[in-house]
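Enquirer: Starting off with a structure, shown below.
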Amino acid sequence: MTQIQTVVSFLYYLLVAYVVVLLVWNFVRSRKWDEEILYLIVLLPFLLRLFRLK
Amino acid sequence: MKLRKLVFAVFGLLLLTTSGTSFYRSRHLEEAVVLSPGVSEVKKLGDYFEGIRGTVNDCNIYIMEGEEPGGTVFVMGGTHPEEPAARLAAWILAENAVMEAGRLIVVLSSNRSASLVTRVGGAYPPDFSIPTDWGERTFRLGDRWADPLDQWPDPEVYIHYPSGQFLAFVDIRNLNRTWPGRPDGSLTERTTHAFMELIRQEKVDLFIDLHEAELQYPVISTIVAHDRGEELAAFTSMMLSDMEFNMGMEYSPPSLHGLSHREVGDHSDAVSLLFEAPEPFLDATRGKTTREQLLTGKDEFVVKAGKAGLLFEKMDENGWPVDVRVGRHTSAVLMTMETWSELNPDRPLRCRGVPRYDEIIALGLGHWLHDPSAAPPERVEIE
């Protein structure tokens, strides 16, 4: 069970990193200020998890 | 547009840094324990089960050997760290108790991982401070469940081992839903398995799990007793209600699994009890979730809920201060030892140095928290 959890956790962090890349990419490409703020706010919890802060 | 993006990115980085620093500090806040002269040995949970050694839940085990032989009582704090009176009462035992007869084992952070995080999305304060005679002591607030950083993922449905009962998915990280645990399970299941090993190896006679409860929850201001602890709990409840404060008694439901009052008694020779004190901070109808509310136990919205007949405990403008809640726990533990000794004269439990309800209310619980900087370094532990 512990090994399965470790594998799933690793995949989960890969997924989080992928979403972070997508959000940053969208932030860079966006031309609307309100969308840019939205991308930043959504990005925060993903970064906090990726850096194992919360 | 580039300048705008740059400004937004700097703002986002600022938010990330401030929140991240706060979360990091909260997770790494060191809590000192000044060992009571009665502490004869400090072990680790990993000494009882290799599968928990070196993990975040490899907590300290404080052992106080009595001057005379007797029974063994194990008092557990920190099952749910967001119930701070339970941890603080155990802290007072670890810093003050001296056993005259029998042996006392104390744990302050039984689900240590849960003490390192606060409710995700709950905007809880990360810590709180207790004023003492020499300054103040700061403690982590913690949460009800182990940190998802330490145990992940949660299942769709949590199937309790060994009963097979279906429980809420998140409760696979709840220490009081994973008893008796299993050696190859999740971190929380391995933690309870390690505690069961401790109970068996140390031949614990009496196990006490300290908690706090919201006032809208019917199991409050009470002792929940395993079948073999009913007589002990009934006597203790009567004595406390007659001499100190009102204390109820409830039977541990045989079909509700994963809880300490059921599983510890079913899977070991120990008599298991669980104590509940009132904590308005936990009530869903509370107002602001602040340190002040946590420590004073005052909340106008919970008072209103009481006037509407929604509470199972009295609530007025005086609230439920942390001194009152901690005092209830220390007195209940002491009274249980006294009752135990009357019922089991061959295995007595006698303790000195621990304040009762009236003393804590009169002097404040900080009076019994000692200054780590004034203590010899070898008598200070970090939780």
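Identifiers for the structure tokens are assigned positionally: chains receive A, B, ... in sequence, residues are indexed from 1 per chain, and ligands are indexed from 1 in the order shown.
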What are the residues of chain B lining chain A at 9 Å or less? Count only C-alpha atoms, and put the answer as an mmCIF file with all heavy atoms, in the first residue's frame.
Expert:
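Written file, out-v3.cif:
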```cif
data_model
loop_
_atom_site.group_PDB
_atom_site.id
_atom_site.type_symbol
_atom_site.label_atom_id
_atom_site.label_comp_id
_atom_site.auth_asym_id
_atom_site.auth_seq_id
_atom_site.Cartn_x
_atom_site.Cartn_y
_atom_site.Cartn_z
ATOM 1 N N MET B 1 2.236 46.492 -22.065
ATOM 2 C CA MET B 1 1.672 45.210 -21.624
ATOM 3 C C MET B 1 2.727 44.374 -20.887
ATOM 4 O O MET B 1 2.422 43.706 -19.916
ATOM 5 C CB MET B 1 1.156 44.433 -22.826
ATOM 6 C CG MET B 1 0.281 43.257 -22.422
ATOM 7 S SD MET B 1 -0.541 42.485 -23.805
ATOM 8 C CE MET B 1 0.792 41.740 -24.669
ATOM 9 N N ARG B 4 2.982 45.609 -17.453
ATOM 10 C CA ARG B 4 1.842 45.154 -16.650
ATOM 11 C C ARG B 4 2.063 43.720 -16.182
ATOM 12 O O ARG B 4 1.872 43.391 -15.022
ATOM 13 C CB ARG B 4 0.568 45.248 -17.495
ATOM 14 C CG ARG B 4 -0.698 44.939 -16.695
ATOM 15 C CD ARG B 4 -1.907 44.979 -17.568
ATOM 16 N NE ARG B 4 -1.952 43.824 -18.456
ATOM 17 C CZ ARG B 4 -2.529 43.826 -19.653
ATOM 18 N NH1 ARG B 4 -3.078 44.926 -20.115
ATOM 19 N NH2 ARG B 4 -2.541 42.736 -20.384
ATOM 20 N N LYS B 5 2.494 42.871 -17.116
ATOM 21 C CA LYS B 5 2.754 41.470 -16.752
ATOM 22 C C LYS B 5 3.827 41.385 -15.673
ATOM 23 O O LYS B 5 3.732 40.574 -14.740
ATOM 24 C CB LYS B 5 3.191 40.671 -17.981
ATOM 25 C CG LYS B 5 2.041 40.179 -18.841
ATOM 26 C CD LYS B 5 2.571 39.211 -19.871
ATOM 27 C CE LYS B 5 1.619 39.045 -21.039
ATOM 28 N NZ LYS B 5 0.334 38.505 -20.655
ATOM 29 N N PHE B 8 2.323 42.372 -12.353
ATOM 30 C CA PHE B 8 1.471 41.286 -11.855
ATOM 31 C C PHE B 8 2.331 40.109 -11.343
ATOM 32 O O PHE B 8 2.040 39.521 -10.300
ATOM 33 C CB PHE B 8 0.525 40.783 -12.950
ATOM 34 C CG PHE B 8 -0.633 41.699 -13.210
ATOM 35 C CD1 PHE B 8 -1.498 41.452 -14.275
ATOM 36 C CD2 PHE B 8 -0.875 42.802 -12.410
ATOM 37 C CE1 PHE B 8 -2.582 42.292 -14.515
ATOM 38 C CE2 PHE B 8 -1.947 43.652 -12.648
ATOM 39 C CZ PHE B 8 -2.798 43.399 -13.705
ATOM 40 N N ALA B 9 3.378 39.785 -12.098
ATOM 41 C CA ALA B 9 4.228 38.649 -11.712
ATOM 42 C C ALA B 9 4.926 38.930 -10.378
ATOM 43 O O ALA B 9 5.020 38.048 -9.518
ATOM 44 C CB ALA B 9 5.259 38.385 -12.805
ATOM 45 N N GLY B 12 2.388 38.510 -7.692
ATOM 46 C CA GLY B 12 2.145 37.076 -7.444
ATOM 47 C C GLY B 12 3.276 36.457 -6.639
ATOM 48 O O GLY B 12 3.043 35.671 -5.718
ATOM 49 N N LEU B 13 4.499 36.849 -6.977
ATOM 50 C CA LEU B 13 5.668 36.321 -6.264
ATOM 51 C C LEU B 13 5.656 36.763 -4.803
ATOM 52 O O LEU B 13 6.002 35.993 -3.889
ATOM 53 C CB LEU B 13 6.946 36.830 -6.949
ATOM 54 C CG LEU B 13 8.207 36.024 -6.713
ATOM 55 C CD1 LEU B 13 8.067 34.609 -7.242
ATOM 56 C CD2 LEU B 13 9.409 36.713 -7.346
ATOM 57 N N LEU B 15 2.940 37.430 -3.050
ATOM 58 C CA LEU B 15 1.912 36.621 -2.376
ATOM 59 C C LEU B 15 2.453 35.226 -2.050
ATOM 60 O O LEU B 15 2.250 34.703 -0.948
ATOM 61 C CB LEU B 15 0.667 36.484 -3.265
ATOM 62 C CG LEU B 15 -0.337 37.627 -3.272
ATOM 63 C CD1 LEU B 15 -1.479 37.311 -4.233
ATOM 64 C CD2 LEU B 15 -0.889 37.870 -1.877
ATOM 65 N N LEU B 16 3.141 34.637 -3.026
ATOM 66 C CA LEU B 16 3.698 33.288 -2.842
ATOM 67 C C LEU B 16 4.719 33.280 -1.704
ATOM 68 O O LEU B 16 4.726 32.387 -0.859
ATOM 69 C CB LEU B 16 4.343 32.811 -4.138
ATOM 70 C CG LEU B 16 4.957 31.419 -4.094
ATOM 71 C CD1 LEU B 16 3.883 30.360 -4.008
ATOM 72 C CD2 LEU B 16 5.835 31.176 -5.321
ATOM 73 N N SER B 19 2.890 33.979 1.857
ATOM 74 C CA SER B 19 2.100 32.825 2.308
ATOM 75 C C SER B 19 3.010 31.623 2.534
ATOM 76 O O SER B 19 2.882 30.911 3.536
ATOM 77 C CB SER B 19 0.989 32.498 1.306
ATOM 78 O OG SER B 19 1.551 32.210 0.042
ATOM 79 N N GLY B 20 3.954 31.420 1.612
ATOM 80 C CA GLY B 20 4.858 30.280 1.736
ATOM 81 C C GLY B 20 5.715 30.366 2.993
ATOM 82 O O GLY B 20 5.912 29.366 3.689
ATOM 83 N N THR B 21 6.194 31.584 3.318
ATOM 84 C CA THR B 21 6.996 31.760 4.531
ATOM 85 C C THR B 21 6.169 31.434 5.769
ATOM 86 O O THR B 21 6.638 30.756 6.694
ATOM 87 C CB THR B 21 7.514 33.217 4.617
ATOM 88 O OG1 THR B 21 8.205 33.514 3.412
ATOM 89 C CG2 THR B 21 8.433 33.416 5.794
ATOM 90 N N PHE B 23 3.536 29.447 5.986
ATOM 91 C CA PHE B 23 3.285 27.997 6.063
ATOM 92 C C PHE B 23 4.554 27.246 6.489
ATOM 93 O O PHE B 23 4.494 26.303 7.268
ATOM 94 C CB PHE B 23 2.778 27.460 4.718
ATOM 95 C CG PHE B 23 1.435 28.014 4.321
ATOM 96 C CD1 PHE B 23 1.152 28.311 2.986
ATOM 97 C CD2 PHE B 23 0.438 28.222 5.255
ATOM 98 C CE1 PHE B 23 -0.084 28.822 2.618
ATOM 99 C CE2 PHE B 23 -0.801 28.739 4.898
ATOM 100 C CZ PHE B 23 -1.061 29.038 3.570
ATOM 101 N N TYR B 24 5.704 27.703 5.963
ATOM 102 C CA TYR B 24 6.975 27.042 6.302
ATOM 103 C C TYR B 24 7.274 27.196 7.796
ATOM 104 O O TYR B 24 7.621 26.244 8.487
ATOM 105 C CB TYR B 24 8.118 27.629 5.462
ATOM 106 C CG TYR B 24 9.451 26.964 5.732
ATOM 107 C CD1 TYR B 24 9.830 25.815 5.046
ATOM 108 C CD2 TYR B 24 10.318 27.471 6.704
ATOM 109 C CE1 TYR B 24 11.041 25.191 5.310
ATOM 110 C CE2 TYR B 24 11.524 26.848 6.969
ATOM 111 C CZ TYR B 24 11.877 25.716 6.266
ATOM 112 O OH TYR B 24 13.073 25.097 6.544
ATOM 113 N N ARG B 27 5.048 25.016 9.902
ATOM 114 C CA ARG B 27 5.403 23.591 9.852
ATOM 115 C C ARG B 27 6.696 23.304 10.606
ATOM 116 O O ARG B 27 6.922 22.178 11.037
ATOM 117 C CB ARG B 27 5.520 23.155 8.379
ATOM 118 C CG ARG B 27 5.643 21.640 8.171
ATOM 119 C CD ARG B 27 5.423 21.275 6.727
ATOM 120 N NE ARG B 27 5.956 19.951 6.402
ATOM 121 C CZ ARG B 27 5.328 18.799 6.603
ATOM 122 N NH1 ARG B 27 4.133 18.797 7.124
ATOM 123 N NH2 ARG B 27 5.898 17.663 6.285
ATOM 124 N N VAL B 117 0.216 21.388 10.344
ATOM 125 C CA VAL B 117 -0.581 22.009 9.282
ATOM 126 C C VAL B 117 -1.856 22.559 9.909
ATOM 127 O O VAL B 117 -2.266 22.108 10.983
ATOM 128 C CB VAL B 117 -0.915 20.963 8.186
ATOM 129 C CG1 VAL B 117 -1.839 19.877 8.707
ATOM 130 C CG2 VAL B 117 -1.494 21.604 6.935
ATOM 131 N N THR B 118 -2.461 23.560 9.259
ATOM 132 C CA THR B 118 -3.793 23.988 9.704
ATOM 133 C C THR B 118 -4.798 23.632 8.620
ATOM 134 O O THR B 118 -4.408 23.225 7.524
ATOM 135 C CB THR B 118 -3.830 25.498 9.982
ATOM 136 O OG1 THR B 118 -3.310 26.177 8.832
ATOM 137 C CG2 THR B 118 -3.026 25.853 11.209
ATOM 138 N N VAL B 120 -6.827 23.246 5.618
ATOM 139 C CA VAL B 120 -6.578 23.763 4.270
ATOM 140 C C VAL B 120 -7.790 24.592 3.829
ATOM 141 O O VAL B 120 -8.914 24.106 3.832
ATOM 142 C CB VAL B 120 -6.310 22.611 3.284
ATOM 143 C CG1 VAL B 120 -6.102 23.142 1.878
ATOM 144 C CG2 VAL B 120 -5.089 21.806 3.730
ATOM 145 N N ASP B 147 -1.212 15.944 7.699
ATOM 146 C CA ASP B 147 -0.926 16.842 6.587
ATOM 147 C C ASP B 147 -0.931 16.058 5.269
ATOM 148 O O ASP B 147 -0.245 15.035 5.162
ATOM 149 C CB ASP B 147 0.461 17.466 6.828
ATOM 150 C CG ASP B 147 0.745 18.639 5.912
ATOM 151 O OD1 ASP B 147 0.132 18.695 4.826
ATOM 152 O OD2 ASP B 147 1.587 19.480 6.268
ATOM 153 N N PRO B 148 -1.680 16.529 4.256
ATOM 154 C CA PRO B 148 -1.648 15.846 2.957
ATOM 155 C C PRO B 148 -0.239 15.779 2.359
ATOM 156 O O PRO B 148 0.026 14.924 1.517
ATOM 157 C CB PRO B 148 -2.565 16.696 2.069
ATOM 158 C CG PRO B 148 -3.415 17.460 3.002
ATOM 159 C CD PRO B 148 -2.608 17.661 4.255
ATOM 160 N N LEU B 149 0.659 16.657 2.819
ATOM 161 C CA LEU B 149 2.044 16.567 2.335
ATOM 162 C C LEU B 149 2.705 15.280 2.832
ATOM 163 O O LEU B 149 3.646 14.781 2.216
ATOM 164 C CB LEU B 149 2.870 17.764 2.831
ATOM 165 C CG LEU B 149 2.501 19.147 2.291
ATOM 166 C CD1 LEU B 149 3.384 20.204 2.918
ATOM 167 C CD2 LEU B 149 2.620 19.186 0.776
ATOM 168 N N GLN B 151 0.828 12.373 3.817
ATOM 169 C CA GLN B 151 0.049 11.182 3.457
ATOM 170 C C GLN B 151 -0.893 11.529 2.310
ATOM 171 O O GLN B 151 -1.835 12.294 2.482
ATOM 172 C CB GLN B 151 -0.759 10.681 4.658
ATOM 173 C CG GLN B 151 -1.527 9.397 4.333
ATOM 174 C CD GLN B 151 -2.359 8.914 5.505
ATOM 175 O OE1 GLN B 151 -1.893 8.888 6.625
ATOM 176 N NE2 GLN B 151 -3.596 8.504 5.237
ATOM 177 N N TRP B 152 -0.631 10.943 1.185
ATOM 178 C CA TRP B 152 -1.376 11.264 -0.028
ATOM 179 C C TRP B 152 -1.266 10.084 -0.965
ATOM 180 O O TRP B 152 -0.219 9.426 -0.945
ATOM 181 C CB TRP B 152 -0.803 12.532 -0.684
ATOM 182 C CG TRP B 152 -1.634 13.051 -1.798
ATOM 183 C CD1 TRP B 152 -1.420 12.871 -3.139
ATOM 184 C CD2 TRP B 152 -2.824 13.823 -1.674
ATOM 185 N NE1 TRP B 152 -2.389 13.478 -3.854
ATOM 186 C CE2 TRP B 152 -3.286 14.071 -2.989
ATOM 187 C CE3 TRP B 152 -3.572 14.318 -0.606
ATOM 188 C CZ2 TRP B 152 -4.435 14.797 -3.251
ATOM 189 C CZ3 TRP B 152 -4.708 15.039 -0.868
ATOM 190 C CH2 TRP B 152 -5.127 15.277 -2.183
ATOM 191 N N PRO B 153 -2.290 9.730 -1.718
ATOM 192 C CA PRO B 153 -3.613 10.369 -1.860
ATOM 193 C C PRO B 153 -4.615 9.799 -0.865
ATOM 194 O O PRO B 153 -4.367 8.771 -0.249
ATOM 195 C CB PRO B 153 -3.993 9.965 -3.286
ATOM 196 C CG PRO B 153 -3.367 8.611 -3.449
ATOM 197 C CD PRO B 153 -2.088 8.649 -2.679
ATOM 198 N N ASP B 184 1.377 -2.335 7.511
ATOM 199 C CA ASP B 184 1.705 -1.975 6.129
ATOM 200 C C ASP B 184 0.703 -0.973 5.565
ATOM 201 O O ASP B 184 0.528 -0.877 4.348
ATOM 202 C CB ASP B 184 1.756 -3.232 5.251
ATOM 203 C CG ASP B 184 0.439 -3.986 5.279
ATOM 204 O OD1 ASP B 184 -0.407 -3.666 6.150
ATOM 205 O OD2 ASP B 184 0.229 -4.881 4.438
ATOM 206 N N GLY B 185 0.028 -0.234 6.434
ATOM 207 C CA GLY B 185 -1.006 0.698 5.974
ATOM 208 C C GLY B 185 -0.469 2.096 5.703
ATOM 209 O O GLY B 185 0.733 2.297 5.506
ATOM 210 N N SER B 186 -1.384 3.058 5.701
ATOM 211 C CA SER B 186 -1.014 4.458 5.488
ATOM 212 C C SER B 186 -0.220 4.951 6.703
ATOM 213 O O SER B 186 -0.131 4.265 7.723
ATOM 214 C CB SER B 186 -2.282 5.300 5.325
ATOM 215 O OG SER B 186 -3.002 5.300 6.552
ATOM 216 N N LEU B 187 0.335 6.162 6.601
ATOM 217 C CA LEU B 187 1.118 6.717 7.709
ATOM 218 C C LEU B 187 0.296 6.725 9.001
ATOM 219 O O LEU B 187 0.794 6.337 10.068
ATOM 220 C CB LEU B 187 1.561 8.150 7.364
ATOM 221 C CG LEU B 187 2.271 8.900 8.495
ATOM 222 C CD1 LEU B 187 3.650 8.320 8.754
ATOM 223 C CD2 LEU B 187 2.365 10.387 8.178
#
```
Enquirer: I want to know what sits within 12 Å of Gly327 of chain B, based on only C-alpha atoms, with residues of the same chain fewer than 4 positions away left out; could you give that as a VMD selection string?
Expert: chain B and resid 85 to 86 88 to 90 92 to 93 240 244 to 245 277 to 278 320 to 323 331 to 335 354 to 366 368
Enquirer: Residues at most 7 Å from segment 198-208 of chain B, counting only C-alpha atoms, excluding those fewer than 4 positions away in the same chain, as a ChimeraX atom specification?
Expert: /B:48,71-76,194,268-274
Enquirer: What is the atom CA of Ser22 of chain B-atom CA of Thr290 of chain B distance in Å, reported with one decimal?
Expert: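 Atom CA of Ser22 of chain B sits 15.8 Å away from atom CA of Thr290 of chain B.
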Enquirer: Hey, what's within 8 Å of Glu189 of chain B if we count only C-alpha atoms and toss same-chain stuff fewer than 2 positions away? As a VMD selection string, please?
Expert: chain B and resid 172 175 178 to 183 185 to 187 191 to 193
Enquirer: For Pro155 of chain B, find every residue with an atom within 10 Å (counting only C-alpha atoms), except residues of its own chain fewer than 3 positions away, and show them as a list in words.
Expert: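 Result of the neighbour search: Trp152, Tyr158, Ile159, Ala168, Phe169, Val170, Asp171 and Ile172 of chain B.
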Enquirer: Can you list, as a list in words, all residues belonging to segment 99-196 of chain B that DSSP tags as helix (DSSP H, G or I)?
Expert: Arg112, Ser113, Ala114, Ser115, Leu116, Phe169, Val170, Asp171, Ile172, Arg173, Leu175, Asn176, Arg177, Leu187, Thr188, Glu189, Arg190, Thr191, Thr192, His193, Ala194, Phe195 and Met196 of chain B
Enquirer: Could you dump the residues just selected with C-alpha atoms as a short mmCIF file (atom, residue, chain, number, x, y, z; two decimals), in the first residue's frame?
Expert:
```cif
data_model
loop_
_atom_site.label_atom_id
_atom_site.label_comp_id
_atom_site.auth_asym_id
_atom_site.auth_seq_id
_atom_site.Cartn_x
_atom_site.Cartn_y
_atom_site.Cartn_z
CA ARG B 112 2.56 14.92 14.81
CA SER B 113 1.93 15.42 11.10
CA ALA B 114 -1.49 16.93 11.93
CA SER B 115 0.19 19.36 14.32
CA LEU B 116 2.29 20.77 11.44
CA PHE B 169 -12.48 9.42 2.77
CA VAL B 170 -10.60 12.14 4.67
CA ASP B 171 -10.67 10.11 7.89
CA ILE B 172 -7.90 7.87 6.59
CA ARG B 173 -5.73 10.75 7.90
CA LEU B 175 -5.77 9.27 14.04
CA ASN B 176 -9.01 8.62 15.88
CA ARG B 177 -10.50 6.67 12.98
CA LEU B 187 1.12 6.72 7.71
CA THR B 188 -1.79 7.24 10.13
CA GLU B 189 -2.62 3.52 10.23
CA ARG B 190 1.04 2.71 10.92
CA THR B 191 1.03 5.34 13.68
CA THR B 192 -1.90 3.74 15.51
CA HIS B 193 -0.34 0.31 14.95
CA ALA B 194 2.84 1.63 16.62
CA PHE B 195 0.82 2.94 19.56
CA MET B 196 -0.89 -0.46 19.90
#
```
Enquirer: Using only C-alpha atoms, can you tell me which of B:Ala233, B:Ile220, B:Ile61, B:Leu45 comes closest to Trp340 of chain B?
Expert: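 Looking at the shortest contact to Trp340 of chain B, the residue is B:Ala233.
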Enquirer: Taking the DSSP assignment computed from this structure's backbone, write out as a ChimeraX atom specification all residues of segment 40-231 of chain B that belong to strand (DSSP E).
Expert: /B:41-44,60-65,68-76,98-107,127-131,136-140,158-159,166-167,206-213,222-225
Enquirer: Could you check how far atom CA of Asp209 of chain B sits from atom CA of Val107 of chain B, in Å to one decimal?
Expert: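 Atom-to-atom, atom CA of Asp209 of chain B to atom CA of Val107 of chain B, that is 9.9 Å.
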Enquirer: List as a PyMOL selection string the protein and nucleic acid residues near Glu100 of chain B, meaning an atom at most 9 Å away when only C-alpha atoms are counted, but skip any in the same chain fewer than 5 places from it.
Expert: chain B and resi 65-69+349-352
Enquirer: What would the file look like if the residues just selected were written as a JSON list (two decimals), in the first residue's frame with N, CA, C and O atoms?
Expert:
```json
[["chain", "number", "residue", "atom", "x", "y", "z"],
["B", 65, "GLU", "N", 8.56, 6.80, 35.66],
["B", 65, "GLU", "CA", 8.55, 5.60, 36.50],
["B", 65, "GLU", "C", 8.23, 6.03, 37.94],
["B", 65, "GLU", "O", 8.80, 7.01, 38.43],
["B", 66, "GLY", "N", 7.34, 5.33, 38.59],
["B", 66, "GLY", "CA", 6.94, 5.69, 39.95],
["B", 66, "GLY", "C", 7.97, 5.30, 41.00],
["B", 66, "GLY", "O", 8.84, 4.46, 40.75],
["B", 67, "GLU", "N", 7.84, 5.95, 42.15],
["B", 67, "GLU", "CA", 8.74, 5.61, 43.26],
["B", 67, "GLU", "C", 8.40, 4.23, 43.82],
["B", 67, "GLU", "O", 9.24, 3.53, 44.36],
["B", 68, "GLU", "N", 7.10, 3.86, 43.72],
["B", 68, "GLU", "CA", 6.66, 2.52, 44.14],
["B", 68, "GLU", "C", 6.02, 1.84, 42.94],
["B", 68, "GLU", "O", 5.53, 2.50, 42.03],
["B", 69, "PRO", "N", 6.01, 0.49, 42.93],
["B", 69, "PRO", "CA", 5.37, -0.20, 41.81],
["B", 69, "PRO", "C", 3.85, 0.02, 41.79],
["B", 69, "PRO", "O", 3.26, 0.39, 42.81],
["B", 349, "LEU", "N", -2.13, 3.90, 41.18],
["B", 349, "LEU", "CA", -1.57, 5.01, 40.40],
["B", 349, "LEU", "C", -1.68, 6.26, 41.27],
["B", 349, "LEU", "O", -2.80, 6.72, 41.56],
["B", 350, "ARG", "N", -0.55, 6.76, 41.71],
["B", 350, "ARG", "CA", -0.56, 7.99, 42.54],
["B", 350, "ARG", "C", 0.42, 8.99, 41.95],
["B", 350, "ARG", "O", 1.56, 8.64, 41.65],
["B", 351, "CYS", "N", -0.05, 10.22, 41.82],
["B", 351, "CYS", "CA", 0.73, 11.24, 41.11],
["B", 351, "CYS", "C", 0.73, 12.53, 41.92],
["B", 351, "CYS", "O", -0.29, 12.88, 42.52],
["B", 352, "ARG", "N", 1.85, 13.26, 41.93],
["B", 352, "ARG", "CA", 1.88, 14.58, 42.57],
["B", 352, "ARG", "C", 2.47, 15.61, 41.58],
["B", 352, "ARG", "O", 3.09, 15.24, 40.58]]
```
